[in-house]
Every structure is written in C-alpha cells, then in structure tokens.
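Structure record follows, encoded as structure tokens.
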Amino acid sequence: TQTLKVGMLMENEFREHLKGRGLNAENIDFAVGAVKDLESYLEERKASFESADLDALKNYVSLLIKEGKNSRDQLVALARYCRFAKKNDYFVYLVSLFGARNVLPDIGERLGTIAGEETRRKVFNGFELPPLGSPQASYPKLTQKVVDGLEAELPSETCRRVLTWNYHKVPVEAFKEKKERFEKASSIDEFLKDEHRRFIEELTGYLKRGEIWYEQEITPEVLELVKCNREIQNGVRHGDKIYVSKIPFAPKQYLTEKDPVMKRYYACHCQLVRTAIRDGKPKISPVFCYCSAGYEKLPYDVIFDEPVKIELLESVLKGDMRCRFAITIPRGKMK
C-alpha cells in the first residue's frame with residue numbers, strides 16, 4: 001500500500017490528526033486519497049511536496065476543475081494537509097479559493113429580503129459564479145457588477161445596510177467568552193487593553209509553533225506591529241467610539257513592501273477584490289468594504305447585546321494603506 005511521503009510525514013500521523021479533529025473513517029480515507037493524488041501529480045512532474053512552488057498547486061487545481069474533481073471536500077482535504085504539514089503558502093492559497101465564495105450569493109439573498117425580489121433580480125441578472133477553485137482574478141468583475149447594481153438601485157444607507165452583515169457566518173457563540181470578560185471588566189478601556197494582551201499572547205504562541213494564524217504568517221516583525229498598535233483586532237476607545245484596524249492579510253509581505261499598490265494588495269483580506277487592487281481594474285466602489293464592517297462589528301453586537309453602528313473610515317479599496325472602522329458604543333452601555 002502506498003504511504004504518504006508528503007512533507008516527510010507518515011500517513012498514520014495524518015490519519016491520527018484527522019481523527020483528533022473528529023473526522024470519521026470515510027472522510028479520513030477521502031482526505032488521504034486527495035493528498036496522494038496531489039503527490040502523484042507532483043512526482044510525475046519531477047517535483048515533491050517540499051520543493052514544489054505555488055504555481056504547481058495552481059496548475060493542479062486547474063486540472064481538478066478541468067476533470068470535474070474540484071469539489072469543496074477535495075480542496076478542504078488538501079488545505080487540511082497543507083496546514084498539518086506547515087506548507088503555509090499552499091494552505092493560504094487553498095483557503096482563499098473558497099473562503100469568500102458564497103458572499104455574493106448571500107448578498108443577493110439579503111438584498112431580496114430588504115429590498116424585494118424584483119430589485120434582487122435586477123442587480124443579479126446574468127450573475128454566475130466561476131467554477132469552484134477558480135483563481136481570485138475571476139471574481140472582481142462579478143463583484144463590480146453587484147456593487148454597481150446595489151448603488152444604482154438603492155439609497156446609499158440601504159446599500160450599506162445590505163452589505164453590513166455577517167456574511168462569513170461566524171457563530172455568535174464564538175464570542176461568548178469575550179462577552180463574559182467584558183461583563184467582568186471594570187471599564188471598556190480595561191477590557192480592550194486586556195483583549196490586546198490576550199491577542200499578543202495568542203500570536204506569540206503561533207510564532208513559536210511556526211503555525212499560520214487564520215491565513216496570516218506571524219513573524220517577529222508582525223508581532224511587533226500588533227504590539228505597537230492596539231487598534232489592530234480589538235480596538236481602542238476614544239469618546240463613545242471604538243476604533244478598530246484590520247491586521248494586513250499578508251502582514252509579512254506588507255511590512256517589507258515599498259510599492260504602495262502592492263502594499264494595499266497585501267493589506268486587503270477580501271478575495272473578491274484583491275486582484276483588482278493589484279491590477280488597477282476593474283474599479284470597485286469602496287462601499288463594498290461595508291461587508292468587512294459587518295465582520296468587524298459582530299463581536300461588539302454580541303458584547304453589547306444589540307446591533308452597533310459602524311463607520312468605514314479607511315479602506316485599501318479606496319486608496320488607504322489600511323482598513324479602519326469606528327464602532328459607536330450604544331447609549332447606556334458605556335462602562
């Protein structure tokens with residue numbers, strides 16, 4: 001029986017890893033088979049998992065699409081192995097292929113709920129997603145079409161309301177412990193300061209283990225960036241507002257990049273628009289970044305027990321070097 005050679009790790013170790021994550025025997029067999037297929041593809045091209053560059057993976061995913069094997073399960077299986085084997089560039093790329101794929105269709109559903117089915121049909125007329133696994137460059141024109149349609153059909157406030165939503169479907173239970181810490185804190189400022197301390201500890205652990213934090217590679221320089229800016233991830237209060245900045249999507253590259261366009265590209269998290277920033281086209285309205293605002297405000301919706309107001313202050317899509325938001329503390333919730 002062929003044994004996994006990928007990443008110099010044995011098949012049994014990967015199987016035990018998947019078992020520990022709660023996968024059943026059938027799904028484990030599928031995942032191992034997916035990795036073996038990739039390994040065979042690379043070996044046929046005189047390459048190995050350790051030495052193959054990112055273009056090799058891109059070509060393999062294109063082959064999966066051509067052969068109709070580009071299922072979500074297939075891509076997730078490969079991503080799991082790449083994270084397990086610490087093939088970080090492969091892991092980040094694979095996650096980017098399906099991480100935001102359902103956002104545009106879900107915007108359509110919310111649009112229909114808020115503005116009616118006729119408006120949804122106008123905005124999404126002729127809309128068709130590219131095959132799963134298609135490169136990021138396949139999405140900006142679709143995004144532009146949707147955003148232009150939203151701005152043409154809706155008042156600006158309604159447009160922002162449609163976009164500002166939890167489109168990544170993060171469960172509110174994810175913020176249960178954060179809410180409990182807030183309730184125990186003597187003030188919002190103490191709470192935010194402690195959340196920043198916890199965040200630094202978390203990133204320090206990922207740095208020591210050489211693991212990817214979500215899709216971000218943590219280096220000493222990235223850790224220092226976060227240490228020096230408490231706005232990143234959790235926020236700082238001024239008056240009745242909490243100001244929050246996003247950590248760059250590719251912070252290692254962001255810190256060393258000199259070209260302002262590429263620096264903005266490395267800052268952007270949105271797989272639906274990133275290549276438009278890099279390539280300079282198509283031009284996508286920065287109102288779309290209220291989708292990101294929906295993600296940023298969610299923890300505070302949970303903490304304050306009500307939907308909070310959020311304002312987009314800076315956005316790499318409109319030419320800034322970071323994405324920054326202001327969250328208004330609800331009346332009566334100031335500590």
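Chain identifiers are assigned as A, B, and so on, following the order in which chains appear in the structure tokens; residues are numbered from 1 within each chain, and ligands are numbered from 1 in order of appearance.
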Problem set entry | Ser134 in chain A surroundings by only C-alpha atoms, 9 Å radius, close-in-sequence under 3 positions cut, as a PyMOL selection string | chain A and resi 61-62+65+97+130-131+137-139
Exercise. Near Lys122 in chain A, within 12 Å and counting only C-alpha atoms, which residues show up once chain neighbours fewer than 6 positions away are dropped, as a VMD selection string?
Worked result: chain A and resid 108 111 to 112 115 to 116 145 to 146 148 to 154
Selection export as an mmCIF file, in the first residue's frame, atoms kept: C-alpha atoms:
```
data_model
loop_
_atom_site.group_PDB
_atom_site.id
_atom_site.type_symbol
_atom_site.label_atom_id
_atom_site.label_comp_id
_atom_site.auth_asym_id
_atom_site.auth_seq_id
_atom_site.Cartn_x
_atom_site.Cartn_y
_atom_site.Cartn_z
ATOM 1 C CA GLY A 108 -28.351 38.531 -3.110
ATOM 2 C CA LEU A 111 -30.959 42.123 -0.812
ATOM 3 C CA GLY A 112 -34.146 40.235 -1.661
ATOM 4 C CA ALA A 115 -35.433 45.485 -0.952
ATOM 5 C CA GLY A 116 -37.574 42.811 -2.578
ATOM 6 C CA LYS A 145 -21.389 44.194 -11.238
ATOM 7 C CA VAL A 146 -23.100 43.505 -7.924
ATOM 8 C CA ASP A 148 -22.654 48.898 -9.128
ATOM 9 C CA GLY A 149 -26.136 47.379 -9.195
ATOM 10 C CA LEU A 150 -26.631 47.942 -5.475
ATOM 11 C CA GLU A 151 -25.606 51.590 -5.744
ATOM 12 C CA ALA A 152 -27.816 52.122 -8.783
ATOM 13 C CA GLU A 153 -30.925 50.549 -7.247
ATOM 14 C CA LEU A 154 -30.686 51.518 -3.574
#
```
Exercise. Leaving out Glu109 in chain A and any residue of its chain fewer than 5 positions from it, which residues lie within 12 Å of it when counting only C-alpha atoms, given as a PyMOL selection string?
Worked result: chain A and resi 102-104+114-121+123-124+162-163+165+167
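Closest approach to Leu64 in chain A from the set A:Met334, A:Gln144, A:Leu38, A:Glu128 is made by A:Leu38, with distances taken over only C-alpha atoms.
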Exercise. DSSP says strand (DSSP E or B) for which residues of range 122-222 of chain A? Put them as JSON, numbers by chain?
Worked result: {"A": [212, 213, 216, 217]}
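Restricting the calculation to only C-alpha atoms, the smallest distance between Thr143 in chain A and any of A:Glu44, A:Tyr300, A:Val287, A:Ala250 is found for A:Val287.
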Exercise. Using only C-alpha atoms, which of the listed residues (A:Gly239, A:Pro330, A:Gly319, A:Pro248) sits closest to Arg278 in chain A?
Worked result: A:Gly319
For this session: Please provide as a VMD selection string all residues within 9 Å of range 71-80 of chain A, with the sequence filter that same-chain residues fewer than 4 positions apart are discarded (counting only C-alpha atoms).
Result: chain A and resid 18 27 to 28 30 to 32 34 to 35 38 61 64 to 65 84 to 85 90 to 95 97 to 98 132 to 133
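Minimum distance to Pro135 in chain A across A:Asp55, A:Asp106, A:Glu221, A:Glu202 (counting only C-alpha atoms) occurs at A:Asp55.
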Exercise. Could you work out how far CA of Val308 in chain A lies from CA of Phe182 in chain A, giving the answer in Å with one decimal?
Worked result: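 Between CA of Phe182 in chain A and CA of Val308 in chain A the gap is 15.6 Å.
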For this session: Name the residues of range 155-281 of chain A that fall into alpha helix (DSSP H) according to DSSP on the backbone, using the chain letters and numbers of this document, as a PyMOL selection string.
Result: chain A and resi 156-163+176-184+188-209+220-227+251-256+260-267+274-279
For this session: Quick one: everything within 12 Å of Cys228 in chain A, counting only C-alpha atoms, minus sequence neighbours fewer than 6 positions away in the same chain. Send it as an MDAnalysis selection string.
Result: chainID A and resid 196:197 200 221:222
Kindly save the residues from that selection, with C-alpha atoms included, as a short mmCIF file (atom, residue, chain, number, x, y, z; two decimals), in the first residue's frame.
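File produced: part_23.cif:
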```
data_model
loop_
_atom_site.label_atom_id
_atom_site.label_comp_id
_atom_site.auth_asym_id
_atom_site.auth_seq_id
_atom_site.Cartn_x
_atom_site.Cartn_y
_atom_site.Cartn_z
CA HIS A 196 -4.98 43.18 23.27
CA ARG A 197 -2.74 41.43 25.82
CA ILE A 200 -0.39 39.22 21.73
CA GLU A 221 8.11 41.84 12.88
CA VAL A 222 4.38 41.12 12.54
#
```
